[in-house]
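Pasted below: target_13.txt, compact mmCIF, C-alpha atoms.
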# COMPACT_ATOMS: atom_id res chain seq x y z
CA MET Z 106 -16.31 -5.35 23.21
CA ASN Z 107 -18.69 -2.50 24.08
CA TYR Z 108 -21.92 -3.12 25.92
CA GLN Z 109 -24.06 -2.84 22.79
CA ASP Z 110 -22.09 -5.68 21.18
CA ILE Z 111 -22.55 -7.74 24.34
CA ASN Z 112 -26.31 -7.10 24.14
CA ALA Z 113 -26.47 -8.08 20.47
CA GLU Z 114 -24.70 -11.37 21.21
CA THR Z 115 -26.92 -11.97 24.24
CA ILE Z 116 -30.14 -11.35 22.33
CA ASP Z 117 -28.99 -13.61 19.49
CA ARG Z 118 -28.40 -16.35 22.05
CA TRP Z 119 -31.81 -15.77 23.65
CA ILE Z 120 -33.41 -16.15 20.23
CA ASP Z 121 -31.74 -19.54 19.81
CA GLU Z 122 -33.25 -20.47 23.19
CA GLY Z 123 -36.78 -19.42 22.14
CA TRP Z 124 -37.00 -15.84 23.47
CA GLU Z 125 -40.61 -14.68 23.04
CA TRP Z 126 -39.63 -11.35 21.47
CA GLY Z 127 -37.59 -13.13 18.83
CA VAL Z 128 -40.30 -15.46 17.50
CA PRO Z 129 -41.64 -14.16 14.15
CA VAL Z 130 -45.37 -13.95 13.53
CA ALA Z 131 -47.01 -16.95 11.90
CA HIS Z 132 -48.46 -16.82 8.39
CA GLU Z 133 -51.95 -16.98 9.93
CA VAL Z 134 -51.31 -13.70 11.77
CA CYS Z 135 -50.35 -12.06 8.49
CA GLU Z 136 -53.50 -13.43 6.84
CA ASP Z 137 -55.57 -11.93 9.65
CA ALA Z 138 -53.87 -8.56 9.06
CA ARG Z 139 -54.82 -8.77 5.38
CA ARG Z 140 -58.43 -9.12 6.54
CA GLY Z 141 -58.09 -6.10 8.83
CA LYS Z 142 -57.71 -8.05 12.07
CA TRP Z 143 -54.46 -7.09 13.82
CA ASP Z 144 -52.81 -5.87 16.98
CA VAL Z 145 -49.22 -5.02 17.97
CA LEU Z 146 -47.38 -4.54 21.25
CA LEU Z 147 -45.08 -1.83 22.57
CA THR Z 148 -45.09 -3.39 26.05
CA PRO Z 149 -45.61 -6.99 27.22
CA THR Z 150 -49.41 -7.42 27.26
CA LYS Z 151 -51.49 -4.40 26.18
CA SER Z 152 -52.16 -3.86 22.49
CA VAL Z 153 -51.44 -0.42 21.07
CA PRO Z 154 -54.69 1.46 20.31
CA HIS Z 155 -55.22 1.58 16.54
CA LYS Z 156 -56.07 5.28 16.80
CA TRP Z 157 -52.46 5.93 17.84
CA PHE Z 158 -51.37 5.14 14.27
CA GLY Z 159 -53.97 6.80 12.11
CA GLU Z 160 -53.93 5.68 8.48
CA LEU Z 161 -50.94 3.42 7.83
CA LYS Z 162 -51.24 2.96 4.09
CA GLY Z 163 -48.52 4.90 2.29
CA LYS Z 164 -46.85 6.10 5.50
CA LYS Z 165 -43.10 5.81 5.95
CA LEU Z 166 -42.57 3.88 9.18
CA LEU Z 167 -39.36 3.20 11.09
CA GLY Z 168 -39.27 0.23 13.44
CA LEU Z 169 -36.59 1.37 15.89
CA ALA Z 170 -35.03 -1.59 17.73
CA SER Z 171 -38.08 -3.41 16.42
CA GLY Z 172 -36.56 -6.46 14.72
CA GLY Z 173 -37.82 -9.99 15.13
CA GLY Z 174 -40.55 -10.19 12.52
CA GLN Z 175 -43.39 -9.38 14.91
CA GLN Z 176 -44.64 -5.84 14.20
CA ILE Z 177 -43.06 -4.79 10.89
CA PRO Z 178 -44.84 -7.57 8.94
CA ILE Z 179 -48.20 -6.25 10.15
CA PHE Z 180 -47.40 -2.66 9.23
CA SER Z 181 -46.09 -3.71 5.82
CA ILE Z 182 -49.20 -5.76 5.05
CA LEU Z 183 -51.34 -2.76 6.06
CA GLY Z 184 -49.56 -0.71 3.39
CA ALA Z 185 -46.83 1.16 5.26
CA ASP Z 186 -43.41 1.67 3.66
CA CYS Z 187 -41.30 0.11 6.41
CA THR Z 188 -37.69 0.34 7.52
CA VAL Z 189 -36.47 -1.69 10.49
CA LEU Z 190 -33.34 -0.84 12.46
CA ASP Z 191 -31.91 -3.26 14.99
CA TYR Z 192 -28.47 -4.30 16.29
CA SER Z 193 -29.20 -8.02 16.63
CA PRO Z 194 -28.35 -9.90 13.42
CA LYS Z 195 -30.82 -12.65 14.24
CA GLN Z 196 -33.66 -10.21 14.81
CA LEU Z 197 -32.94 -8.79 11.36
CA GLU Z 198 -32.70 -12.26 9.83
CA ALA Z 199 -36.22 -12.88 11.10
CA GLU Z 200 -37.43 -9.71 9.34
CA LYS Z 201 -35.93 -10.91 6.06
CA THR Z 202 -37.41 -14.38 6.45
CA VAL Z 203 -40.94 -13.13 7.09
CA SER Z 204 -40.80 -10.54 4.29
CA GLU Z 205 -39.77 -13.24 1.80
CA ARG Z 206 -42.46 -15.61 3.09
CA GLU Z 207 -45.22 -13.01 2.89
CA GLY Z 208 -44.07 -11.23 -0.27
CA TYR Z 209 -43.52 -7.62 0.81
CA ASN Z 210 -40.49 -5.32 0.74
CA VAL Z 211 -38.79 -3.97 3.85
CA LYS Z 212 -35.59 -1.97 4.28
CA ILE Z 213 -33.37 -3.70 6.82
CA VAL Z 214 -30.67 -1.70 8.63
CA ARG Z 215 -28.21 -3.01 11.21
CA ALA Z 216 -27.18 -0.07 13.35
CA ASP Z 217 -26.66 0.99 16.96
CA MET Z 218 -29.48 3.32 18.03
CA THR Z 219 -27.18 5.02 20.55
CA LYS Z 220 -25.36 6.55 17.55
CA PRO Z 221 -26.82 9.11 15.09
CA LEU Z 222 -29.50 7.36 13.06
CA PRO Z 223 -28.49 6.73 9.41
CA PHE Z 224 -31.49 8.59 8.00
CA SER Z 225 -32.27 12.02 6.59
CA ASP Z 226 -34.04 14.79 8.46
CA GLY Z 227 -37.82 14.44 8.25
CA GLU Z 228 -37.71 11.04 6.55
CA PHE Z 229 -40.47 9.20 8.48
CA ASP Z 230 -44.13 9.64 9.37
CA ILE Z 231 -44.12 7.14 12.25
CA ILE Z 232 -41.49 5.64 14.55
CA PHE Z 233 -42.47 2.44 16.36
CA HIS Z 234 -40.07 1.92 19.28
CA PRO Z 235 -40.87 -1.09 21.52
CA VAL Z 236 -39.26 -1.55 24.94
CA SER Z 237 -35.52 -1.44 24.33
CA ASN Z 238 -34.22 1.62 26.16
CA CYS Z 239 -33.38 -0.66 29.07
CA TYR Z 240 -30.44 -1.87 26.92
CA VAL Z 241 -28.87 1.58 26.52
CA GLU Z 242 -27.22 3.87 29.03
CA GLU Z 243 -28.37 7.26 27.68
CA VAL Z 244 -31.89 7.66 26.27
CA LYS Z 245 -32.19 11.39 25.62
CA PRO Z 246 -29.99 11.32 22.49
CA ILE Z 247 -32.31 8.65 21.04
CA PHE Z 248 -35.33 10.91 21.41
CA ARG Z 249 -33.45 13.81 19.83
CA GLU Z 250 -32.63 11.62 16.83
CA CYS Z 251 -36.23 10.43 16.60
CA PHE Z 252 -37.35 14.05 16.51
CA ARG Z 253 -34.86 14.83 13.75
CA VAL Z 254 -35.84 11.98 11.41
CA LEU Z 255 -39.61 12.48 11.82
CA LYS Z 256 -41.59 14.79 9.58
CA SER Z 257 -43.57 17.65 11.09
CA GLY Z 258 -46.72 16.01 12.43
CA GLY Z 259 -44.89 12.69 12.69
CA VAL Z 260 -45.64 10.31 15.55
CA LEU Z 261 -43.29 8.55 17.98
CA LEU Z 262 -44.76 5.47 19.70
CA SER Z 263 -42.53 4.21 22.51
CA GLY Z 264 -42.52 1.34 24.98
CA LEU Z 265 -40.63 2.26 28.15
CA ASP Z 266 -39.41 0.44 31.27
CA ASN Z 267 -40.20 2.39 34.46
CA GLY Z 268 -37.33 0.87 36.50
CA VAL Z 269 -39.36 -1.25 38.93
CA ASN Z 270 -37.96 -4.53 37.58
CA PHE Z 271 -34.45 -3.39 38.47
CA LEU Z 272 -35.36 -2.99 42.15
CA VAL Z 273 -36.29 -6.58 42.92
CA ASN Z 274 -34.67 -9.98 43.21
CA GLY Z 275 -35.24 -12.87 40.81
CA ASP Z 276 -38.62 -13.98 42.16
CA GLU Z 277 -39.69 -10.32 42.61
CA SER Z 278 -40.37 -10.85 46.32
CA ARG Z 279 -37.85 -8.38 47.79
CA ILE Z 280 -36.31 -5.02 46.96
CA VAL Z 281 -32.58 -5.66 46.66
CA ASN Z 282 -31.24 -2.80 44.53
CA THR Z 283 -31.14 0.96 44.62
CA LEU Z 284 -31.67 3.14 41.58
CA PRO Z 285 -30.27 4.08 39.19
CA PHE Z 286 -29.26 0.63 38.00
CA ASN Z 287 -26.15 1.19 35.90
CA PRO Z 288 -23.78 -1.80 35.63
CA LEU Z 289 -21.13 0.30 33.87
CA LYS Z 290 -20.73 2.17 37.14
CA ASN Z 291 -21.54 -0.64 39.59
CA PRO Z 292 -19.48 -3.87 39.35
CA GLU Z 293 -21.91 -5.77 41.62
CA GLN Z 294 -24.80 -4.97 39.28
CA MET Z 295 -22.71 -6.06 36.29
CA LYS Z 296 -21.89 -9.37 38.00
CA SER Z 297 -25.56 -9.95 38.79
CA LEU Z 298 -26.53 -9.43 35.15
CA SER Z 299 -23.70 -11.64 33.93
CA ASP Z 300 -24.60 -14.44 36.34
CA ASP Z 301 -28.18 -14.40 35.07
CA ASP Z 302 -27.25 -14.01 31.37
CA CYS Z 303 -29.14 -10.73 31.12
CA GLY Z 304 -26.78 -8.78 28.91
CA VAL Z 305 -26.13 -5.20 30.02
CA GLN Z 306 -29.25 -3.35 31.15
CA PHE Z 307 -30.02 0.02 32.69
CA SER Z 308 -32.85 1.65 34.63
CA HIS Z 309 -34.21 5.01 33.50
CA THR Z 310 -36.42 7.53 35.24
CA LEU Z 311 -39.65 8.96 33.84
CA GLU Z 312 -37.85 12.29 33.92
CA GLU Z 313 -35.30 10.88 31.47
CA GLN Z 314 -37.82 9.13 29.27
CA ILE Z 315 -40.94 11.29 29.18
CA GLY Z 316 -38.98 14.41 30.03
CA GLY Z 317 -36.45 13.46 27.36
CA GLN Z 318 -39.18 13.34 24.72
CA LEU Z 319 -40.51 16.74 25.80
CA GLU Z 320 -37.01 18.18 25.89
CA ALA Z 321 -36.44 16.96 22.34
CA GLY Z 322 -39.49 18.96 21.24
CA PHE Z 323 -42.26 16.35 21.21
CA ILE Z 324 -45.81 16.93 22.42
CA LEU Z 325 -47.10 14.02 24.52
CA THR Z 326 -50.63 13.06 23.44
CA ASP Z 327 -51.39 9.77 25.21
CA ILE Z 328 -49.99 7.21 27.63
CA TYR Z 329 -50.84 3.86 29.24
CA GLU Z 330 -49.17 1.49 31.73
CA ASP Z 331 -48.56 -2.26 31.58
CA THR Z 332 -47.27 -5.09 33.76
CA ASN Z 333 -44.71 -7.82 33.11
CA GLY Z 334 -47.51 -10.19 32.17
CA TYR Z 335 -46.41 -12.82 34.71
CA GLY Z 336 -44.75 -13.13 38.12
CA TYR Z 337 -45.23 -11.64 41.57
CA LEU Z 338 -45.39 -8.01 40.44
CA HIS Z 339 -47.92 -8.85 37.74
CA GLU Z 340 -50.05 -10.77 40.24
CA HIS Z 341 -50.17 -7.59 42.34
CA ASN Z 342 -50.97 -5.46 39.27
CA ILE Z 343 -47.79 -3.40 39.65
CA PRO Z 344 -46.98 -1.56 36.40
CA CYS Z 345 -43.41 -2.03 35.18
CA PHE Z 346 -43.81 -0.47 31.72
CA LEU Z 347 -45.53 2.39 29.99
CA ALA Z 348 -46.26 3.29 26.40
CA THR Z 349 -46.30 6.85 25.11
CA ARG Z 350 -47.59 8.55 21.98
CA ALA Z 351 -45.80 11.79 21.12
CA VAL Z 352 -46.04 14.09 18.10
CA LYS Z 353 -43.48 16.34 16.42
CA PRO Z 354 -45.12 19.76 15.95
Full structure transcribed into structure tokens:
Amino acid sequence: MNYQDINAETIDRWIDEGWEWGVPVAHEVCEDARRGKWDVLLTPTKSVPHKWFGELKGKKLLGLASGGGQQIPIFSILGADCTVLDYSPKQLEAEKTVSEREGYNVKIVRADMTKPLPFSDGEFDIIFHPVSNCYVEEVKPIFRECFRVLKSGGVLLSGLDNGVNFLVNGDESRIVNTLPFNPLKNPEQMKSLSDDDCGVQFSHTLEEQIGGQLEAGFILTDIYEDTNGYGYLHEHNIPCFLATRAVKP
């Protein structure tokens, strides 16, 4: 079993246990969106500025590793033509369930985002990519594929982990690891993840993540930081995530 299959199984199990990122939006949230009241997250607590999207109606939008029935329902209700790609079967089941409940169409694709994306060049206007790069070893190929499948002028919205969470122990009170955190190359890190039922996760530098977007050809237009939303680091206002808006020229 490769690490992506381990992560899919782990996430499916977390969903059964009530994982917050696997709980679909309620009908009331969809009704609010129909009235023009909506927000979505790329990172744990800060809503994405609406101006980052522009007009959604009629746009072709890819939710990349964005299953779970949390953001795609909102975009669909606002008039976007949505496709969602995820590797967790249960996250995709949630997308199907919400689409049937709310009466909209969505294209559902189970695929591994570390492989070439199963889409044509220039197929999408927007890619919405919440925090998920921490579950893959190499991020630069993902940004290259995002660049390929976006139209000229298309927008990539990404939630990114800055690596701080990988430095600390469970209660976030002490630095216990060095970076990079790569359990495929460090058996002790793999054991730690396994003991805590965390799947297989990886730290990434800003050079890899922001630099990787620039290297792929994107122009960075905006950025903000966010915390975990709870815990010791959050209480000290230490950012552990960032969100970026980048455009394909």
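In this comparison, which uses only C-alpha atoms, the residue of Z:Val254, Z:Ile120, Z:Ala170, Z:Ile280 approaching Pro223 of chain Z most closely is Z:Val254.
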Please identify every residue of segment 192-232 of chain Z that has at least one atom no farther than 12 Å from an atom of segment 144-159 of chain Z, counting only C-alpha atoms, and for each give the shortest atom pair and the distance in Å to one decimal, arranged by chain then increasing number, as a Markdown table.
| residue | atom | partner | partner_atom | distance |
| --- | --- | --- | --- | --- |
| Z:Asp230 | CA | Z:Phe158 | CA | 9.8 |
| Z:Ile231 | CA | Z:Phe158 | CA | 7.8 |
| Z:Ile232 | CA | Z:Phe158 | CA | 9.9 |
Residue neighbourhood Gln318 of chain Z, 8 Å, all atoms listed in the file, exclusion window fewer than 6 positions, as a ChimeraX atom specification: /Z:245,248-249,324-325,351
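Comparing Z:Phe233, Z:Tyr209, Z:Trp119, Z:Phe346 by their smallest distance to Leu190 of chain Z, the closest is Z:Phe233 (using all atoms listed in the file).
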Minimum-distance residue to Gln306 of chain Z, chosen among Z:Ile111, Z:Ile343, Z:Leu222, Z:Ala131 (using all atoms listed in the file): Z:Ile111
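With distances restricted to all atoms listed in the file, Z:Lys256 is the closest residue to Ser225 of chain Z from Z:Lys212, Z:Lys195, Z:Lys256, Z:Lys290.
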Radius query 6 Å about (-39.8, 2.4, 4.0), atoms used: all atoms listed in the file, as a VMD selection string: chain Z and resid 165 186 to 188
Polymer residues at most 8 Å from Ala113 of chain Z, only C-alpha atoms, same-chain spacing of 3 or more positions, as number ranges by chain: Z: 109-110, 116-117, 192-194
Surrounding residues of Thr202 of chain Z excluding itself and chain neighbours under 5 positions, 9 Å, only C-alpha atoms, as a PyMOL selection string: chain Z and resi 129+174+197+207
Those residues you just picked out, can you put them in a file as a JSON list (two decimals), in the frame of the given file with C-alpha atoms?
[["chain", "number", "residue", "atom", "x", "y", "z"],
["Z", 129, "PRO", "CA", -41.64, -14.16, 14.15],
["Z", 174, "GLY", "CA", -40.55, -10.19, 12.52],
["Z", 197, "LEU", "CA", -32.94, -8.79, 11.36],
["Z", 207, "GLU", "CA", -45.22, -13.01, 2.89]]
10 Å contact set for Val281 of chain Z, all atoms listed in the file, chain neighbours under 6 positions out, as a list of chain:residue names: Z:Phe271, Z:Leu272, Z:Val273, Z:Asn274, Z:Gly275
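Atom CA of Gly317 of chain Z sits 29.5 Å away from atom CA of Lys162 of chain Z.
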Which of Z:Gly168, Z:Gly208, Z:Gly268, Z:Gly141 sits closest to Cys251 of chain Z [using only C-alpha atoms]: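 Checking each of Z:Gly168, Z:Gly208, Z:Gly268, Z:Gly141 against Cys251 of chain Z, counting only C-alpha atoms, the winner is Z:Gly168.
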7 Å contact set for Ile182 of chain Z, all atoms listed in the file, chain neighbours under 4 positions out, as a PyMOL selection string: chain Z and resi 138-139+178
Residue among Z:Leu298, Z:Val305, Z:Leu347, Z:Ala199 lying closest to Asp266 of chain Z, counting all atoms listed in the file: Z:Leu347
Axis-aligned box for segment 191-196 of chain Z, 6 Å per side, centre and edges in Å as JSON:
{"center_x": -31.0, "center_y": -8.0, "center_z": 15.0, "size_x": 17.3, "size_y": 21.4, "size_z": 15.2}
